[in-house]
Amino acid sequence: MTISDNDDGGGTTVVAGTTGRLTQWSTKRNRWIDAIGISAAIAVALDVYLGIWVTPPDKVQGNLVRLLYIHPAIATVALYVAFPLAALSSALWLWRRTRSPFFDRLAVASVETGIFFIALTIVTGSLWGRPVWGVYWTWDATLTTTALLLLEFLGYIAIRKSTADPERRARRSAIVALVAFVDVPLIQSTMVWWKTLHQKATVLLGSSSQIHGIMAMTFALSFLAFGLLCLWMIINRYRIEAIREELEARRMEDAINDRIAESNIRVDDLLAANTAPANTVRSDI
Amino acid sequence: MAPFALLVLILFAFALGPDRTPLINATPGLFWVAVLFSTMFAIQRSFSLEATEGLHDSIILAGIDPAGFFIGKLLAIGAELGVLEILTAAGIIILYGAHVTSMLVLLFSCVLGTIGLSAAGTMYGALVSGMRLRETLLPLLFLPVASPVLIAGTRSWQAGLAGEHISASPWMWILVAFAVLYICVGVVLYGPMEDM
């Protein structure tokens, strides 16, 4: 049996119990997922169009205000959607009653998506900080907390990559995600006392809100656009993880079958003194 | 680890120059960075001792509660670090000529910070023990998480050296919160981790 047998997603599904049905779903095209992807693409394109060509420059910041249509949305998506989802699914995996491979895959999918958005947040923030604050980086509470969060979740990826056994990998990474997440409030309050320069969430302050019209609309749209994008990325990363797990299981199965075939040949060799060439066994890989 | 503490003090002096003022200004930070790195040595030593002799199996066979095992390990590592901290502090006073105005603040922040560091360190030590890349993974996981202790410890030491008791108290609360948080996390999660 080769891996390429099954590229079309249908046909033979000979996989160990844990994967199975989910995997069939994850290899097929799905209308809903495509719909989310297309609407995310349209919303991001619209956000870019409105943000660059339609909205006017700001009175104080000029064109730099256009960062408003990316940065807050991606930061929110990473900090309040992806990472909490990762922590929640890690906790659900650790809890015996709800333990299932689903939560492990969901955790890694949200962590990786979160890392993407958080890295983008830091990059866009620095690009904006240079002209407005005069520096790319400052040891500000919000910035430092974000950077530490990124480092902690890079540790998650590292520990995941260096554990081979699926059960141990899930357990170790779930603990790392959960412990990293509970540390966030502590880091946050430490950093706030330490130093702060980043502006507060001014748009949410209600009465003092200074944004309106097309600018407010574009700002709101950016949350929808990047929220959809985040959702689409998490779903697809989940599918990749499911497929990767199946591949891993299949390789293991192939290896076991090869060993069995080899040993059969050896027994045949001994019995019939037949010279079956042993190297043909794995020629299909 | 005792020679390591002395070595760190001498290396910092080389790095910052023989002039006393920059050394004394940097003292709180140097002390806590030294403690942070020593914690990793202590954790690695503690878990490698356990791995080599098949000790771990006999502890499981002895039927000790994982939470109790966690507390025991935490205290052992904490005691080891405590000795190291006393030596480092003595070295700072003798070699750098720092003036201590409020010993009590220094002492309290050391005790609290050490408990927190040992708790978090024991957690991560257990997590990576038995992994091939544990020497690389431990700092990667542990150091970002331990950063509140580094900041809070450094700030309370600055207050302690300058004799400003009041400004140390919020930082002490951070140290308390960190220690409580990681003891709780360890007590709850050490059992599941032992299964690995």
# chains A, B, ... in the order shown; residues from 1 in each chain; ligands from 1
call {"tool": "residues_around", "arguments": {"residues": "Leu87 (chain B)", "least_positions_apart": "3", "cutoff": "8 Å", "atoms": "only C-alpha atoms", "output": "PyMOL selection string"}}
result
chain B and resi 2+5-6+83-84+90-91
call {"tool": "closest_atom_pairs", "arguments": {"of": "chain A", "to": "chain B", "cutoff": "12 Å", "atoms": "only C-alpha atoms", "output": "CSV"}}
result
residue,atom,partner,partner_atom,distance
A:Ala91,CA,B:Leu189,CA,10.9
A:Trp93,CA,B:Pro192,CA,11.7
A:Leu94,CA,B:Pro192,CA,8.2
A:Trp95,CA,B:Pro192,CA,9.8
A:Arg96,CA,B:Pro192,CA,10.1
A:Ala141,CA,B:Pro148,CA,11.8
A:Thr144,CA,B:Ser147,CA,10.4
A:Thr145,CA,B:Pro144,CA,9.8
A:Thr146,CA,B:Pro144,CA,11.2
A:Ala147,CA,B:Pro144,CA,9.3
A:Leu148,CA,B:Pro144,CA,5.9
A:Leu149,CA,B:Pro144,CA,8.1
A:Leu150,CA,B:Pro144,CA,9.5
A:Leu151,CA,B:Pro144,CA,6.8
A:Glu152,CA,B:Leu141,CA,6.2
A:Phe153,CA,B:Leu141,CA,8.7
A:Leu154,CA,B:Leu140,CA,8.4
A:Gly155,CA,B:Leu141,CA,5.4
A:Tyr156,CA,B:Leu141,CA,7.9
A:Ile157,CA,B:Leu141,CA,10.5
A:Ala158,CA,B:Leu137,CA,7.3
A:Ile159,CA,B:Leu137,CA,7.0
A:Arg160,CA,B:Leu137,CA,10.7
A:Lys161,CA,B:Leu133,CA,10.5
A:Ser162,CA,B:Leu133,CA,7.2
A:Thr163,CA,B:Met131,CA,7.5
A:Ala164,CA,B:Met131,CA,10.1
A:Asp165,CA,B:Met196,CA,10.2
A:Pro166,CA,B:Met196,CA,11.5
A:Glu167,CA,B:Met196,CA,8.8
A:Arg168,CA,B:Met196,CA,6.3
A:Arg169,CA,B:Met196,CA,9.6
A:Ala170,CA,B:Met196,CA,10.7
A:Arg171,CA,B:Met193,CA,7.7
A:Arg172,CA,B:Leu127,CA,6.5
A:Ser173,CA,B:Leu127,CA,9.4
A:Ala174,CA,B:Met193,CA,10.6
A:Ile175,CA,B:Leu189,CA,7.8
A:Val176,CA,B:Leu141,CA,8.0
A:Ala177,CA,B:Leu141,CA,10.5
A:Leu178,CA,B:Val185,CA,9.5
A:Val179,CA,B:Val185,CA,7.5
A:Ala180,CA,B:Val145,CA,6.9
A:Phe181,CA,B:Val145,CA,9.8
A:Val182,CA,B:Leu181,CA,8.3
A:Asp183,CA,B:Val145,CA,6.7
A:Val184,CA,B:Val145,CA,8.8
A:Pro185,CA,B:Pro148,CA,10.5
A:Leu186,CA,B:Pro148,CA,7.1
A:Ile187,CA,B:Pro148,CA,5.7
A:Gln188,CA,B:Pro148,CA,9.0
A:Ser189,CA,B:Ile174,CA,8.4
A:Thr190,CA,B:Pro148,CA,6.1
A:Met191,CA,B:Pro148,CA,8.0
A:Val192,CA,B:Pro148,CA,11.2
A:Trp193,CA,B:Pro170,CA,8.6
A:Trp194,CA,B:Ile151,CA,7.9
A:Lys195,CA,B:Ile151,CA,11.1
call {"tool": "residues_around", "arguments": {"residues": "Ala107 (chain A)", "least_positions_apart": "3", "cutoff": "10 Å", "atoms": "only C-alpha atoms", "output": "PyMOL selection string"}}
result
chain A and resi 82-93+101-104+110-113+170+173-174+177+234+238
call {"tool": "closest_residue", "arguments": {"among": "A:Ile256, A:Leu67, A:Val81, A:Ala261", "to": "Leu229 (chain A)", "atoms": "only C-alpha atoms"}}
result
A:Val81
call {"tool": "closest_residue", "arguments": {"among": "A:Leu221, A:Val267, A:Ala272, A:Ile115", "to": "Ala40 (chain A)", "atoms": "only C-alpha atoms"}}
result
A:Leu221
call {"tool": "atom_distance", "arguments": {"atom1": "CA of Glu80 (chain B)", "atom2": "CA of Ala126 (chain B)"}}
result
17.7 Å
call {"tool": "closest_residue", "arguments": {"among": "B:Phe108, B:Leu117, B:Asp57, B:Leu49", "to": "Gly78 (chain B)", "atoms": "only C-alpha atoms"}}
result
B:Leu117
call {"tool": "atom_distance", "arguments": {"atom1": "CA of Val176 (chain B)", "atom2": "CA of Ala89 (chain B)"}}
result
21.2 Å
call {"tool": "closest_residue", "arguments": {"among": "B:Ala179, B:Met1, B:Ala79, B:Leu161", "to": "Ile24 (chain B)", "atoms": "only C-alpha atoms"}}
result
B:Leu161
call {"tool": "closest_residue", "arguments": {"among": "B:Ala13, B:Val35, B:Met172, B:Ala162", "to": "Val100 (chain B)", "atoms": "only C-alpha atoms"}}
result
B:Ala162
call {"tool": "select_by_dssp", "arguments": {"residues": "region 125-231 of chain A", "states": "helix (DSSP H, G or I)", "output": "PyMOL selection string"}}
result
chain A and resi 125-133+141-161+166-194+202-208+213-231
call {"tool": "atom_distance", "arguments": {"atom1": "CA of Leu95 (chain B)", "atom2": "CA of Val33 (chain B)"}}
result
17.3 Å
call {"tool": "residues_around", "arguments": {"residues": "Val123 (chain A)", "least_positions_apart": "4", "cutoff": "12 Å", "atoms": "only C-alpha atoms", "output": "number ranges by chain"}}
result
A: 67, 70-71, 74-75, 116-119, 127-130, 136-137, 143, 146-147
call {"tool": "residues_around", "arguments": {"residues": "Gln158 (chain B)", "least_positions_apart": "2", "cutoff": "12 Å", "atoms": "only C-alpha atoms", "output": "CSV table (one decimal) with all heavy atoms, in the first residue's frame"}}
result
chain,number,residue,atom,x,y,z
B,24,ILE,N,27.5,48.6,41.0
B,24,ILE,CA,26.5,48.6,42.0
B,24,ILE,C,25.1,48.9,41.5
B,24,ILE,O,24.1,48.4,41.9
B,24,ILE,CB,26.9,49.7,43.1
B,24,ILE,CG1,28.1,49.1,43.9
B,24,ILE,CG2,25.8,50.0,44.1
B,24,ILE,CD1,28.7,50.1,44.8
B,25,ASN,N,25.0,49.8,40.4
B,25,ASN,CA,23.7,50.1,39.8
B,25,ASN,C,23.1,48.8,39.2
B,25,ASN,O,21.9,48.6,39.2
B,25,ASN,CB,23.9,51.1,38.7
B,25,ASN,CG,24.1,52.5,39.3
B,25,ASN,OD1,23.8,52.7,40.5
B,25,ASN,ND2,24.6,53.4,38.6
B,26,ALA,N,24.0,48.0,38.6
B,26,ALA,CA,23.5,46.8,37.9
B,26,ALA,C,23.3,45.6,38.9
B,26,ALA,O,22.7,44.6,38.5
B,26,ALA,CB,24.4,46.4,36.8
B,27,THR,N,23.7,45.8,40.2
B,27,THR,CA,23.7,44.6,41.1
B,27,THR,C,22.4,43.9,41.2
B,27,THR,O,22.4,42.7,41.1
B,27,THR,CB,24.1,45.1,42.5
B,27,THR,OG1,25.5,45.5,42.4
B,27,THR,CG2,23.9,44.1,43.6
B,28,PRO,N,21.2,44.5,41.4
B,28,PRO,CA,20.0,43.8,41.5
B,28,PRO,C,19.7,42.9,40.3
B,28,PRO,O,19.4,41.7,40.4
B,28,PRO,CB,18.9,44.8,41.6
B,28,PRO,CG,19.6,46.1,42.1
B,28,PRO,CD,20.9,46.0,41.4
B,29,GLY,N,19.9,43.5,39.1
B,29,GLY,CA,19.7,42.7,37.9
B,29,GLY,C,20.6,41.5,37.8
B,29,GLY,O,20.3,40.4,37.4
B,30,LEU,N,21.9,41.8,38.0
B,30,LEU,CA,22.9,40.8,37.9
B,30,LEU,C,22.6,39.6,38.9
B,30,LEU,O,22.7,38.4,38.5
B,30,LEU,CB,24.3,41.3,38.3
B,30,LEU,CG,24.9,42.4,37.5
B,30,LEU,CD1,26.3,42.8,37.9
B,30,LEU,CD2,24.9,42.0,36.0
B,31,PHE,N,22.2,40.0,40.1
B,31,PHE,CA,21.9,38.9,41.1
B,31,PHE,C,20.8,38.0,40.6
B,31,PHE,O,20.9,36.8,40.6
B,31,PHE,CB,21.5,39.6,42.4
B,31,PHE,CG,21.0,38.6,43.4
B,31,PHE,CD1,21.9,37.9,44.2
B,31,PHE,CD2,19.6,38.3,43.6
B,31,PHE,CE1,21.5,37.0,45.2
B,31,PHE,CE2,19.2,37.4,44.6
B,31,PHE,CZ,20.1,36.8,45.3
B,32,TRP,N,19.7,38.6,40.0
B,32,TRP,CA,18.6,37.8,39.6
B,32,TRP,C,18.8,37.0,38.3
B,32,TRP,O,18.3,35.9,38.2
B,32,TRP,CB,17.3,38.6,39.6
B,32,TRP,CG,16.7,38.9,40.9
B,32,TRP,CD1,16.9,40.0,41.7
B,32,TRP,CD2,16.0,37.9,41.7
B,32,TRP,NE1,16.3,39.8,42.9
B,32,TRP,CE2,15.8,38.5,43.0
B,32,TRP,CE3,15.6,36.6,41.5
B,32,TRP,CZ2,15.1,37.9,44.0
B,32,TRP,CZ3,14.9,36.0,42.6
B,32,TRP,CH2,14.7,36.6,43.8
B,98,ALA,N,28.6,46.8,47.7
B,98,ALA,CA,27.3,47.3,47.7
B,98,ALA,C,26.9,47.6,49.2
B,98,ALA,O,27.2,46.8,50.1
B,98,ALA,CB,26.3,46.4,47.1
B,99,HIS,N,26.1,48.6,49.4
B,99,HIS,CA,25.6,48.9,50.8
B,99,HIS,C,24.2,48.4,50.9
B,99,HIS,O,23.3,48.8,50.1
B,99,HIS,CB,25.7,50.4,51.1
B,99,HIS,CG,27.0,50.9,51.4
B,99,HIS,ND1,27.7,50.6,52.6
B,99,HIS,CD2,27.9,51.5,50.6
B,99,HIS,CE1,28.9,51.1,52.5
B,99,HIS,NE2,29.1,51.7,51.3
B,100,VAL,N,23.9,47.6,51.9
B,100,VAL,CA,22.6,47.1,52.1
B,100,VAL,C,21.9,47.9,53.1
B,100,VAL,O,22.3,48.0,54.3
B,100,VAL,CB,22.6,45.6,52.5
B,100,VAL,CG1,21.2,45.1,52.7
B,100,VAL,CG2,23.3,44.8,51.5
B,101,THR,N,20.8,48.6,52.7
B,101,THR,CA,20.1,49.4,53.7
B,101,THR,C,19.0,48.6,54.4
B,101,THR,O,18.7,48.8,55.6
B,101,THR,CB,19.5,50.6,53.0
B,101,THR,OG1,20.1,50.8,51.8
B,101,THR,CG2,19.6,51.9,53.9
B,102,SER,N,18.3,47.7,53.6
B,102,SER,CA,17.2,47.0,54.2
B,102,SER,C,17.3,45.5,53.9
B,102,SER,O,16.9,45.1,52.8
B,102,SER,CB,15.9,47.6,53.7
B,102,SER,OG,14.9,46.7,54.0
B,103,MET,N,17.9,44.8,54.8
B,103,MET,CA,18.2,43.4,54.6
B,103,MET,C,16.9,42.6,54.5
B,103,MET,O,16.8,41.6,53.7
B,103,MET,CB,19.0,42.9,55.8
B,103,MET,CG,19.6,41.5,55.6
B,103,MET,SD,20.6,41.4,54.1
B,103,MET,CE,22.2,41.1,54.8
B,105,VAL,N,14.0,43.3,53.2
B,105,VAL,CA,13.3,43.3,51.8
B,105,VAL,C,14.1,42.4,50.9
B,105,VAL,O,13.5,41.6,50.2
B,105,VAL,CB,13.4,44.8,51.2
B,105,VAL,CG1,12.9,44.8,49.8
B,105,VAL,CG2,12.5,45.7,52.1
B,106,LEU,N,15.4,42.4,51.0
B,106,LEU,CA,16.2,41.5,50.1
B,106,LEU,C,15.9,40.0,50.5
B,106,LEU,O,15.7,39.2,49.6
B,106,LEU,CB,17.7,41.7,50.3
B,106,LEU,CG,18.2,43.1,50.1
B,106,LEU,CD1,19.7,43.1,50.1
B,106,LEU,CD2,17.8,43.6,48.7
B,109,SER,N,12.3,39.0,49.4
B,109,SER,CA,12.1,38.8,47.9
B,109,SER,C,12.9,37.6,47.4
B,109,SER,O,12.4,36.9,46.5
B,109,SER,CB,12.6,40.1,47.2
B,109,SER,OG,14.0,40.2,47.4
B,151,ILE,N,11.8,40.6,36.8
B,151,ILE,CA,11.5,42.0,37.0
B,151,ILE,C,11.1,42.3,38.4
B,151,ILE,O,11.7,43.3,39.0
B,151,ILE,CB,10.3,42.4,36.0
B,151,ILE,CG1,10.8,42.3,34.6
B,151,ILE,CG2,9.8,43.8,36.3
B,151,ILE,CD1,9.7,42.5,33.6
B,152,ALA,N,10.2,41.6,39.0
B,152,ALA,CA,9.8,41.9,40.4
B,152,ALA,C,11.0,41.7,41.4
B,152,ALA,O,11.1,42.6,42.3
B,152,ALA,CB,8.6,40.9,40.8
B,153,GLY,N,11.8,40.7,41.2
B,153,GLY,CA,12.9,40.5,42.1
B,153,GLY,C,13.9,41.6,42.0
B,153,GLY,O,14.4,42.2,43.0
B,154,THR,N,14.2,42.0,40.7
B,154,THR,CA,15.1,43.1,40.5
B,154,THR,C,14.6,44.4,41.1
B,154,THR,O,15.4,45.1,41.8
B,154,THR,CB,15.3,43.3,39.0
B,154,THR,OG1,15.7,42.1,38.4
B,154,THR,CG2,16.4,44.4,38.7
B,155,ARG,N,13.3,44.7,40.9
B,155,ARG,CA,12.8,45.9,41.5
B,155,ARG,C,12.8,45.9,43.0
B,155,ARG,O,13.1,46.9,43.6
B,155,ARG,CB,11.3,46.1,41.0
B,155,ARG,CG,11.3,46.6,39.5
B,155,ARG,CD,11.9,47.9,39.4
B,155,ARG,NE,12.6,48.0,38.1
B,155,ARG,CZ,12.3,49.0,37.2
B,155,ARG,NH1,11.4,49.9,37.4
B,155,ARG,NH2,13.0,49.0,36.1
B,156,SER,N,12.5,44.8,43.6
B,156,SER,CA,12.5,44.8,45.1
B,156,SER,C,13.9,44.9,45.6
B,156,SER,O,14.1,45.5,46.7
B,156,SER,CB,11.7,43.6,45.7
B,156,SER,OG,11.6,42.6,44.8
B,160,GLY,N,15.3,47.5,48.1
B,160,GLY,CA,16.0,47.1,49.3
B,160,GLY,C,17.4,47.7,49.5
B,160,GLY,O,17.8,48.1,50.6
B,161,LEU,N,18.1,47.8,48.4
B,161,LEU,CA,19.4,48.4,48.4
B,161,LEU,C,19.3,49.9,48.7
B,161,LEU,O,20.2,50.4,49.4
B,161,LEU,CB,20.2,48.1,47.1
B,161,LEU,CG,20.6,46.7,46.9
B,161,LEU,CD1,21.3,46.6,45.5
B,161,LEU,CD2,21.6,46.2,47.9
B,162,ALA,N,18.3,50.5,48.2
B,162,ALA,CA,18.2,52.0,48.4
B,162,ALA,C,17.4,52.3,49.7
B,162,ALA,O,17.4,53.4,50.1
B,162,ALA,CB,17.4,52.6,47.3
B,163,GLY,N,16.9,51.3,50.4
B,163,GLY,CA,16.2,51.5,51.6
B,163,GLY,C,14.8,52.1,51.5
B,163,GLY,O,14.3,52.7,52.4
B,164,GLU,N,14.1,51.8,50.3
B,164,GLU,CA,12.8,52.3,50.2
B,164,GLU,C,11.8,51.1,50.3
B,164,GLU,O,11.5,50.5,49.3
B,164,GLU,CB,12.6,52.9,48.8
B,164,GLU,CG,13.5,54.1,48.6
B,164,GLU,CD,13.8,54.4,47.1
B,164,GLU,OE1,13.3,53.6,46.2
B,164,GLU,OE2,14.4,55.4,46.8
B,165,HIS,N,11.4,50.9,51.5
B,165,HIS,CA,10.5,49.7,51.7
B,165,HIS,C,9.2,49.8,51.0
B,165,HIS,O,8.7,48.8,50.4
B,165,HIS,CB,10.1,49.6,53.2
B,165,HIS,CG,11.3,49.4,54.1
B,165,HIS,ND1,12.1,50.5,54.4
B,165,HIS,CD2,11.9,48.4,54.7
B,165,HIS,CE1,13.1,50.1,55.2
B,165,HIS,NE2,13.0,48.8,55.4
B,166,ILE,N,8.6,51.0,50.9
B,166,ILE,CA,7.3,51.1,50.4
B,166,ILE,C,7.2,50.7,48.9
B,166,ILE,O,6.3,49.9,48.5
B,166,ILE,CB,6.8,52.5,50.5
B,166,ILE,CG1,7.1,53.1,51.8
B,166,ILE,CG2,5.3,52.6,50.1
B,166,ILE,CD1,6.3,52.6,53.0
B,167,SER,N,8.2,51.1,48.1
B,167,SER,CA,8.2,50.9,46.7
B,167,SER,C,8.4,49.4,46.4
B,167,SER,O,8.2,48.9,45.3
B,167,SER,CB,9.2,51.7,46.0
B,167,SER,OG,10.5,51.5,46.4
B,168,ALA,N,8.8,48.6,47.4
B,168,ALA,CA,9.1,47.2,47.1
B,168,ALA,C,7.8,46.4,47.2
B,168,ALA,O,7.7,45.3,46.6
B,168,ALA,CB,10.1,46.6,48.1
B,169,SER,N,6.8,46.9,47.9
B,169,SER,CA,5.6,46.0,48.2
B,169,SER,C,4.8,45.6,47.0
B,169,SER,O,4.4,44.4,47.0
B,169,SER,CB,4.7,46.7,49.2
B,169,SER,OG,4.0,47.8,48.7
B,171,TRP,N,5.9,44.8,44.1
B,171,TRP,CA,6.7,43.7,43.5
B,171,TRP,C,6.7,42.5,44.3
B,171,TRP,O,6.7,41.4,43.8
B,171,TRP,CB,8.2,44.3,43.3
B,171,TRP,CG,8.2,45.5,42.4
B,171,TRP,CD1,8.5,46.7,42.8
B,171,TRP,CD2,7.8,45.6,41.1
B,171,TRP,NE1,8.4,47.6,41.8
B,171,TRP,CE2,8.0,46.9,40.7
B,171,TRP,CE3,7.4,44.6,40.1
B,171,TRP,CZ2,7.7,47.4,39.4
B,171,TRP,CZ3,7.1,45.1,38.8
B,171,TRP,CH2,7.3,46.4,38.5
